[in-house]
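Peer 1: Structure supplied as my_file.txt; contents: compact mmCIF, C-alpha atoms and all ligand atoms.
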# COMPACT_ATOMS: atom_id res chain seq x y z
CA MET F 1 60.31 49.33 134.10
CA ASP F 2 63.02 46.98 132.76
CA ALA F 3 65.89 48.32 130.64
CA LEU F 4 64.65 49.58 127.28
CA PRO F 5 65.79 47.75 124.17
CA SER F 6 68.13 49.94 122.18
CA ARG F 7 66.28 50.70 118.95
CA LEU F 8 62.84 52.07 118.21
CA THR F 9 61.52 52.20 114.65
CA VAL F 10 58.91 54.86 113.94
CA ILE F 11 57.00 54.44 110.68
CA HIS F 12 55.09 57.55 109.67
CA THR F 13 52.16 57.14 107.29
CA GLY F 14 50.33 60.49 107.58
CA GLY F 15 47.02 61.41 109.26
CA THR F 16 46.18 64.35 111.48
CA ILE F 17 49.29 63.72 113.57
CA ALA F 18 51.26 64.83 110.47
CA SER F 19 48.76 67.48 109.35
CA ARG F 20 48.72 71.26 109.40
CA PRO F 21 46.48 73.86 107.81
CA ASP F 22 47.43 74.14 104.16
CA PRO F 23 47.65 77.87 103.37
CA HIS F 24 46.81 77.23 99.70
CA GLY F 25 44.23 74.51 100.19
CA ALA F 26 40.79 73.92 101.67
CA GLY F 27 41.86 72.76 105.11
CA LEU F 28 44.24 70.40 106.92
CA THR F 29 46.50 68.11 104.92
CA PRO F 30 49.30 65.73 105.96
CA GLN F 31 52.53 67.69 105.54
CA GLN F 32 55.37 66.67 107.75
CA ALA F 33 56.06 63.69 109.97
CA PRO F 34 55.22 64.32 113.64
CA LEU F 35 58.05 65.76 115.70
CA LEU F 36 59.83 63.25 117.86
CA SER F 37 60.68 65.78 120.60
CA GLY F 38 58.61 63.91 123.23
CA LEU F 39 60.75 60.86 122.58
CA SER F 40 63.86 62.47 124.10
CA LEU F 41 62.47 60.88 127.27
CA LEU F 42 63.60 57.55 125.91
CA GLY F 43 67.23 58.46 126.64
CA GLU F 44 69.68 56.02 125.05
CA VAL F 45 67.21 54.47 122.65
CA LYS F 46 68.21 54.98 118.99
CA ILE F 47 65.31 56.00 116.82
CA SER F 48 65.02 55.16 113.12
CA GLU F 49 62.32 56.83 111.09
CA LEU F 50 60.68 55.66 107.89
CA GLN F 51 57.92 57.19 105.84
CA PRO F 52 56.62 54.83 103.15
CA PHE F 53 53.76 57.26 102.35
CA ASN F 54 52.16 60.38 103.81
CA LEU F 55 48.41 60.03 103.44
CA PRO F 56 45.23 60.92 105.25
CA GLY F 57 43.39 57.89 106.69
CA PRO F 58 40.68 57.93 104.00
CA HIS F 59 43.31 57.50 101.25
CA ILE F 60 44.72 54.27 102.74
CA THR F 61 44.00 51.07 100.79
CA PRO F 62 44.72 47.39 101.46
CA ALA F 63 47.76 47.77 99.18
CA HIS F 64 49.22 50.37 101.59
CA MET F 65 48.53 47.98 104.49
CA GLU F 66 50.44 45.24 102.69
CA THR F 67 53.36 47.63 102.04
CA LEU F 68 53.44 48.38 105.75
CA ARG F 69 53.43 44.69 106.62
CA GLY F 70 56.50 44.12 104.46
CA LEU F 71 58.31 47.09 105.96
CA ILE F 72 57.53 46.07 109.53
CA GLU F 73 58.79 42.54 108.94
CA GLN F 74 62.04 43.95 107.49
CA GLN F 75 62.55 46.14 110.55
CA ALA F 76 61.35 43.75 113.25
CA ALA F 77 64.55 41.78 113.86
CA GLU F 78 66.56 44.96 114.47
CA SER F 79 63.99 46.81 116.53
CA GLY F 80 63.16 46.73 120.19
CA GLY F 81 59.79 48.18 119.28
CA ILE F 82 57.89 49.60 116.32
CA VAL F 83 55.48 52.54 116.29
CA ILE F 84 53.26 53.31 113.31
CA THR F 85 51.63 56.74 113.10
CA HIS F 86 48.42 56.66 111.07
CA GLY F 87 45.27 58.62 110.32
CA THR F 88 42.65 57.66 112.86
CA ASP F 89 39.84 57.24 110.31
CA THR F 90 41.12 53.90 109.03
CA LEU F 91 43.64 53.08 111.75
CA GLU F 92 41.61 50.09 112.96
CA GLU F 93 41.52 48.56 109.49
CA THR F 94 45.30 48.78 109.11
CA ALA F 95 45.79 47.46 112.66
CA PHE F 96 43.53 44.49 111.92
CA TYR F 97 45.22 43.76 108.58
CA LEU F 98 48.58 43.67 110.37
CA HIS F 99 47.04 41.50 113.10
CA LEU F 100 46.01 38.96 110.45
CA THR F 101 49.22 38.94 108.43
CA LEU F 102 52.31 39.89 110.44
CA ALA F 103 54.79 37.17 111.24
CA THR F 104 56.70 38.83 114.05
CA SER F 105 56.40 39.01 117.81
CA ALA F 106 58.08 42.45 118.03
CA GLY F 107 56.34 45.02 120.23
CA MET F 108 54.24 47.06 117.86
CA VAL F 109 51.86 49.96 118.36
CA LEU F 110 49.74 52.12 116.08
CA THR F 111 48.78 55.61 117.14
CA GLY F 112 47.73 58.98 115.77
CA SER F 113 46.12 62.17 116.96
CA MET F 114 42.83 63.98 116.86
CA ARG F 115 44.33 67.46 116.97
CA HIS F 116 46.93 68.68 114.52
CA ALA F 117 50.35 69.93 115.52
CA GLU F 118 49.46 73.64 115.55
CA GLU F 119 46.42 73.28 117.79
CA ILE F 120 46.48 74.20 121.45
CA SER F 121 46.92 71.01 123.50
CA GLY F 122 47.56 68.78 120.53
CA ASP F 123 47.41 65.12 121.54
CA GLY F 124 49.99 63.90 119.01
CA PRO F 125 53.20 64.20 121.08
CA GLY F 126 51.66 62.46 124.12
CA ASN F 127 50.21 59.64 122.05
CA LEU F 128 53.53 59.18 120.25
CA ARG F 129 55.47 59.06 123.52
CA ASP F 130 52.98 56.60 125.05
CA ALA F 131 53.05 54.44 121.93
CA ALA F 132 56.87 54.33 121.98
CA GLN F 133 56.99 53.38 125.64
CA VAL F 134 54.40 50.66 125.17
CA ALA F 135 56.12 49.31 122.03
CA LEU F 136 59.45 49.07 123.86
CA HIS F 137 58.01 47.56 127.02
CA PRO F 138 59.05 43.90 127.43
CA ALA F 139 55.48 42.81 128.27
CA THR F 140 54.30 44.05 124.85
CA ARG F 141 56.27 41.46 122.85
CA GLY F 142 54.12 38.71 121.39
CA ARG F 143 50.83 40.58 121.77
CA GLY F 144 50.53 41.47 118.09
CA PRO F 145 49.78 44.97 116.80
CA LEU F 146 48.19 47.16 119.47
CA VAL F 147 46.62 50.60 119.35
CA VAL F 148 47.56 53.20 121.98
CA PHE F 149 45.39 56.28 122.28
CA GLY F 150 44.72 58.56 125.24
CA GLY F 151 46.75 56.23 127.48
CA ASP F 152 44.55 53.20 126.72
CA ILE F 153 46.02 50.13 125.04
CA TYR F 154 43.71 48.23 122.66
CA ASP F 155 43.76 44.89 120.87
CA ALA F 156 43.69 45.31 117.05
CA ARG F 157 40.80 42.86 116.76
CA THR F 158 38.36 44.78 118.94
CA VAL F 159 39.44 48.42 118.78
CA THR F 160 37.25 50.87 116.89
CA LYS F 161 37.00 54.62 116.44
CA VAL F 162 34.07 55.79 118.56
CA HIS F 163 34.17 59.58 118.31
CA THR F 164 34.77 61.98 115.43
CA THR F 165 36.54 64.72 117.42
CA SER F 166 37.21 63.74 121.05
CA VAL F 167 40.81 62.98 122.02
CA ASP F 168 39.39 59.78 123.54
CA ALA F 169 38.47 58.69 120.06
CA PHE F 170 38.98 54.93 120.44
CA GLY F 171 37.04 52.28 122.29
CA GLY F 172 35.14 49.17 121.34
CA TYR F 173 33.72 46.17 123.14
CA PRO F 174 35.09 44.84 125.51
CA GLY F 175 37.45 47.79 126.00
CA PRO F 176 41.16 48.34 126.56
CA ILE F 177 43.53 45.49 127.38
CA GLY F 178 45.97 47.78 129.18
CA ARG F 179 46.89 51.29 130.18
CA ILE F 180 49.95 53.52 130.17
CA ASP F 181 50.32 56.43 132.58
CA GLN F 182 53.28 58.64 133.36
CA GLY F 183 54.21 57.86 136.96
CA ALA F 184 56.51 59.93 139.17
CA SER F 185 59.54 57.88 138.12
CA GLY F 186 58.63 56.97 134.56
CA PRO F 187 55.99 55.25 132.50
CA GLU F 188 53.70 52.73 134.16
CA VAL F 189 52.45 50.12 131.71
CA HIS F 190 49.79 47.73 132.97
CA TYR F 191 48.12 44.95 131.02
CA PHE F 192 44.77 43.52 132.11
CA ALA F 193 44.35 40.94 129.35
CA ARG F 194 46.24 39.16 126.59
CA PRO F 195 44.90 39.16 123.04
CA GLU F 196 43.84 35.68 121.88
CA PRO F 197 46.47 33.92 119.74
CA ARG F 198 46.23 35.17 116.16
CA PRO F 199 46.74 33.38 112.84
CA VAL F 200 49.28 34.53 110.27
CA TYR F 201 47.73 34.63 106.82
CA ARG F 202 49.88 35.30 103.74
CA PRO F 203 47.48 36.38 100.98
CA GLU F 204 48.86 36.25 97.45
CA HIS F 205 47.11 39.55 96.71
CA VAL F 206 44.88 42.09 98.41
CA SER F 207 43.02 43.16 95.29
CA ALA F 208 39.74 41.33 95.89
CA ARG F 209 36.83 43.72 95.50
CA VAL F 210 34.77 43.49 98.69
CA GLU F 211 31.96 45.97 99.16
CA ILE F 212 29.97 46.87 102.27
CA LEU F 213 26.21 47.49 102.23
CA TYR F 214 24.45 49.11 105.20
CA ALA F 215 20.99 47.87 106.23
CA TYR F 216 18.12 50.09 107.35
CA ALA F 217 14.40 49.89 108.06
CA GLY F 218 12.59 49.58 104.74
CA TRP F 219 15.63 48.45 102.70
CA ARG F 220 14.37 46.43 99.76
CA GLY F 221 17.80 45.49 98.53
CA GLU F 222 18.48 48.66 96.52
CA GLY F 223 22.10 48.52 95.36
CA TYR F 224 22.50 44.82 96.26
CA PRO F 225 22.18 43.24 92.78
CA GLU F 226 24.69 45.70 91.30
CA ALA F 227 27.15 45.14 94.14
CA ALA F 228 26.76 41.35 93.95
CA THR F 229 27.46 41.46 90.22
CA ARG F 230 30.65 43.53 90.30
CA ALA F 231 32.22 42.43 93.64
CA ASP F 232 34.21 39.36 94.68
CA GLY F 233 32.58 39.39 98.11
CA LEU F 234 30.03 41.37 100.10
CA VAL F 235 29.72 42.40 103.72
CA ILE F 236 26.39 43.64 105.03
CA ALA F 237 26.19 45.77 108.17
CA ALA F 238 22.88 44.15 109.13
CA LEU F 239 20.41 44.81 111.93
CA GLY F 240 20.76 43.55 115.52
CA THR F 241 22.09 40.00 115.70
CA GLY F 242 22.40 39.94 111.90
CA ASN F 243 18.89 40.21 110.47
CA LEU F 244 17.61 41.82 107.28
CA PRO F 245 14.32 42.84 105.68
CA PRO F 246 12.58 39.95 103.85
CA GLU F 247 13.44 41.19 100.35
CA LEU F 248 17.12 40.44 100.98
CA LEU F 249 16.63 36.72 101.61
CA PRO F 250 16.04 35.64 97.97
CA LEU F 251 18.76 37.97 96.76
CA ILE F 252 21.30 36.43 99.12
CA ALA F 253 20.14 32.89 98.33
CA GLU F 254 20.94 33.39 94.66
CA THR F 255 24.34 35.07 95.20
CA SER F 256 27.36 32.98 94.30
CA ILE F 257 30.06 35.17 95.90
CA PRO F 258 30.62 35.05 99.70
CA VAL F 259 28.21 37.24 101.67
CA VAL F 260 29.27 38.06 105.24
CA ILE F 261 26.71 39.35 107.70
CA ALA F 262 28.06 41.80 110.30
CA THR F 263 25.97 44.08 112.48
CA ARG F 264 25.49 47.83 112.45
CA THR F 265 25.04 47.57 116.25
CA HIS F 266 28.22 48.63 118.03
CA ALA F 267 28.85 45.50 120.10
CA GLY F 268 27.96 41.84 120.27
CA PRO F 269 28.01 38.82 117.98
CA VAL F 270 26.05 37.96 114.86
CA LEU F 271 24.01 34.82 115.61
CA PRO F 272 21.53 32.74 113.61
CA ILE F 273 18.59 33.23 115.98
CA TYR F 274 15.54 34.37 114.02
CA GLY F 275 13.59 32.25 111.55
CA TYR F 276 11.35 34.87 109.87
CA PRO F 277 12.26 35.72 106.25
CA GLY F 278 15.51 37.69 106.51
CA GLY F 279 16.15 36.56 110.10
CA GLY F 280 19.72 35.48 110.84
CA ALA F 281 18.87 31.76 110.84
CA THR F 282 17.32 32.03 107.35
CA LEU F 283 20.29 34.01 106.02
CA ARG F 284 22.63 31.32 107.25
CA ARG F 285 20.54 28.64 105.56
CA ALA F 286 20.72 30.72 102.37
CA GLY F 287 24.54 30.55 102.51
CA ALA F 288 25.50 33.78 104.27
CA VAL F 289 28.39 33.73 106.76
CA ALA F 290 28.23 35.38 110.19
CA ALA F 291 31.00 37.91 110.98
CA SER F 292 31.02 36.96 114.67
CA PHE F 293 32.19 39.97 116.71
CA LEU F 294 33.93 41.76 113.81
CA ASN F 295 32.49 45.06 112.65
CA ALA F 296 31.67 45.35 108.94
CA HIS F 297 34.92 47.06 107.94
CA LYS F 298 37.08 44.53 109.78
CA ALA F 299 35.02 41.66 108.33
CA ARG F 300 35.80 43.21 104.93
CA ILE F 301 39.54 43.17 105.65
CA LEU F 302 39.37 39.50 106.70
CA LEU F 303 37.36 38.63 103.58
CA ILE F 304 39.93 40.40 101.35
CA VAL F 305 42.70 38.38 103.00
CA LEU F 306 40.83 35.06 102.64
CA LEU F 307 39.95 35.75 98.99
CA GLY F 308 43.61 36.63 98.45
CA LEU F 309 44.49 33.18 99.75
CA GLY F 310 42.17 31.62 97.14
CA LEU F 311 39.73 30.18 99.70
CA ASN F 312 36.31 29.08 98.50
CA LYS F 313 32.98 29.95 100.09
CA SER F 314 32.87 27.05 102.52
CA GLU F 315 36.51 27.52 103.58
CA ILE F 316 35.73 31.20 104.17
CA ALA F 317 32.72 30.24 106.30
CA GLU F 318 34.95 27.92 108.37
CA VAL F 319 37.38 30.74 109.16
CA PHE F 320 34.66 33.19 110.20
CA GLU F 321 32.67 30.59 112.13
CA GLY F 322 35.74 29.01 113.72
CA GLY F 323 36.94 32.42 114.92
CA ALA F 324 40.34 32.02 113.20
CA PHE F 325 41.16 35.73 113.24
N1 LIG E 1 40.86 62.36 108.86
C1 LIG E 1 42.10 62.09 109.56
C2 LIG E 1 42.77 60.87 108.99
O1 LIG E 1 42.33 59.76 109.25
C3 LIG E 1 41.85 61.93 110.97
C4 LIG E 1 43.05 61.59 111.76
O2 LIG E 1 44.14 61.40 111.29
O3 LIG E 1 42.87 61.51 112.93
O4 LIG E 1 43.79 61.03 108.34
If you took the structure in this file and wrote it as structure tokens, what would it be?

Peer 2:
Amino acid sequence: MDALPSRLTVIHTGGTIASRPDPHGAGLTPQQAPLLSGLSLLGEVKISELQPFNLPGPHITPAHMETLRGLIEQQAAESGGIVITHGTDTLEETAFYLHLTLATSAGMVLTGSMRHAEEISGDGPGNLRDAAQVALHPATRGRGPLVVFGGDIYDARTVTKVHTTSVDAFGGYPGPIGRIDQGASGPEVHYFARPEPRPVYRPEHVSARVEILYAYAGWRGEGYPEAATRADGLVIAALGTGNLPPELLPLIAETSIPVVIATRTHAGPVLPIYGYPGGGATLRRAGAVAASFLNAHKARILLIVLLGLGLNKSEIAEVFEGGAF
């Protein structure tokens, strides 16, 4: 491995990697930033630590993601690499928000843990060490925010949490873009693929209300009219290639806010194939926008960003359909 750049910035945000059993509470809560002891391996590298908030993944909002973006951009010029520790439950949403908005080519990695610090064979220290080594590796620069977990390196656009408890909690189609292993004489970082070039969007706000609805056999649109009335945009985790029961077609046709169709299937694109009422081709004709390969919660993040830029429905459709994310 080439000489390490001299400064690593570690930004702690909470999650299981910072959690311990709370003696006065109901269970685990984020308490203290993860110990950096595993990072002594980095030798001469100076480490700066920041902790803008200390939250479990489910408490993270787009406003926290935007705070992180600002902090990372402040730190980037001075840092040889940046690591962000984060709760795994929403880690992919934060990674994708940063992917869409960060204007820096600094090496940057998000990680976390599935086991808390007091558990036998906790995975936090190993993930943190791997993340630091990947962030500082010269080949990481310019790849955008990455996720390192269990030695696998993932692209922010495609990574997703695939298991509730396993230490191999991350995956997603088409899989890792690289791998880090600890070789006999130090870390071995290998990349197999480069993320596609990413845009840099600068939304004026991230306060758009975008709700997700989940489709199922026999759904007659319950909850849709209420959501369409109060929200600024909707995402539907639809069936297969992006199809819905027939009752949804007229509802979507009369909706004025953007409606993005993702899939509840775990891999593959949304395509306008079927022409029966509610089929993907009819939803498109009714004005719905296909989420491409993005899962529903990443499509939501993109829609929040695009609404925060003031884009109208047809401009939003162009971004999703042109793959500008
Ligand atoms: N529920 C936790 C969180 O997202 C899980 C984790 O950190 O891994 O904060």

Peer 1: Counting only C-alpha atoms, which residues of segment 108-152 of chain F sit at most 10 Å from some atom of segment 87-93 of chain F, and what is each one's closest atom pair with its distance in Å to one decimal, listed by chain and rising residue number, as CSV?

Peer 2:
residue,atom,partner,partner_atom,distance
F:Leu110,CA,F:Leu91,CA,7.5
F:Thr111,CA,F:Thr88,CA,7.8
F:Gly112,CA,F:Gly87,CA,6.0
F:Ser113,CA,F:Thr88,CA,7.0
F:Met114,CA,F:Thr88,CA,7.5
F:Leu146,CA,F:Glu92,CA,9.7
F:Val147,CA,F:Glu92,CA,8.1
F:Phe149,CA,F:Thr88,CA,9.9

Peer 1: Would you compute an axis-aligned box for ligand LIG 1 (chain E), covering every atom listed for it in the file with 8 Å of margin on each side, and report centre and edge lengths in Å to one decimal as lines of an AutoDock Vina configuration file?

Peer 2:
center_x = 42.5
center_y = 61.1
center_z = 110.6
size_x = 19.3
size_y = 18.6
size_z = 20.6

Peer 1: Residues up to 12 Å from ligand LIG 1 (chain E), counting all atoms listed in the file: could you list those as a PyMOL selection string?

Peer 2: chain F and resi 12-20+27-31+34+54-60+85-94+110-117+122-124+127+149+161-170

Peer 1: Find the residues around segment 202-213 of chain F up to 9 Å (only C-alpha atoms counted), leave out those fewer than 6 positions away in its own chain, and share them as number ranges by chain.

Peer 2: F: 62-63, 66, 100-102, 223-224, 227-228, 230-238, 296-297, 300-301, 303-310

Peer 1: By how many Å are atom CA of Ala317 of chain F and atom CA of Glu226 of chain F apart?

Peer 2: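 One can read the atom CA of Ala317 of chain F to atom CA of Glu226 of chain F distance as 23.0 Å.
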
Peer 1: For atom CA of Glu44 of chain F and atom CA of Val134 of chain F, determine how far apart the two atoms are, in Å to one decimal place.

Peer 2: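 Computed distance, atom CA of Glu44 of chain F to atom CA of Val134 of chain F, equals 16.2 Å.
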
Peer 1: Extract, using all atoms listed in the file, all DNA, RNA and protein residues at most 8 Å from Gly80 of chain F, discarding same-chain residues fewer than 3 positions from it, and format them as JSON, numbers by chain.

Peer 2: {"F": [4, 5, 6, 7, 8, 9, 76, 106, 107, 135, 136]}

Peer 1: Just the number, please: distance in Å from atom CA of Gly322 of chain F to atom CA of Gly279 of chain F, one decimal.

Peer 2: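 Going from atom CA of Gly322 of chain F over to atom CA of Gly279 of chain F, I get 21.3 Å.
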
Peer 1: Counting all atoms listed in the file, what is within 12 Å of Gly287 of chain F, bar same-chain residues fewer than 5 positions away, as a PyMOL selection string?

Peer 2: chain F and resi 249-261+272+280-282+313-314+316-317

Peer 1: Which one of F:Thr160, F:Asn243, F:Ser105, F:Ser79 sits closest to Pro277 of chain F if you count only C-alpha atoms?

Peer 2: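 Of F:Thr160, F:Asn243, F:Ser105, F:Ser79, the one nearest Pro277 of chain F, counting only C-alpha atoms, is F:Asn243.
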
Peer 1: Quick one: of F:Leu302, F:Val83, F:Leu41, F:Ala26, who's nearest to Phe325 of chain F, counting all atoms listed in the file?

Peer 2: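 Of F:Leu302, F:Val83, F:Leu41, F:Ala26, the one nearest Phe325 of chain F, counting all atoms listed in the file, is F:Leu302.
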
Peer 1: Taking into account only C-alpha atoms, which residue in the set F:Asp22, F:Glu188, F:Asp152, F:Glu49 is nearest to Glu118 of chain F?

Peer 2: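 Result for the nearest residue to Glu118 of chain F: F:Asp22.
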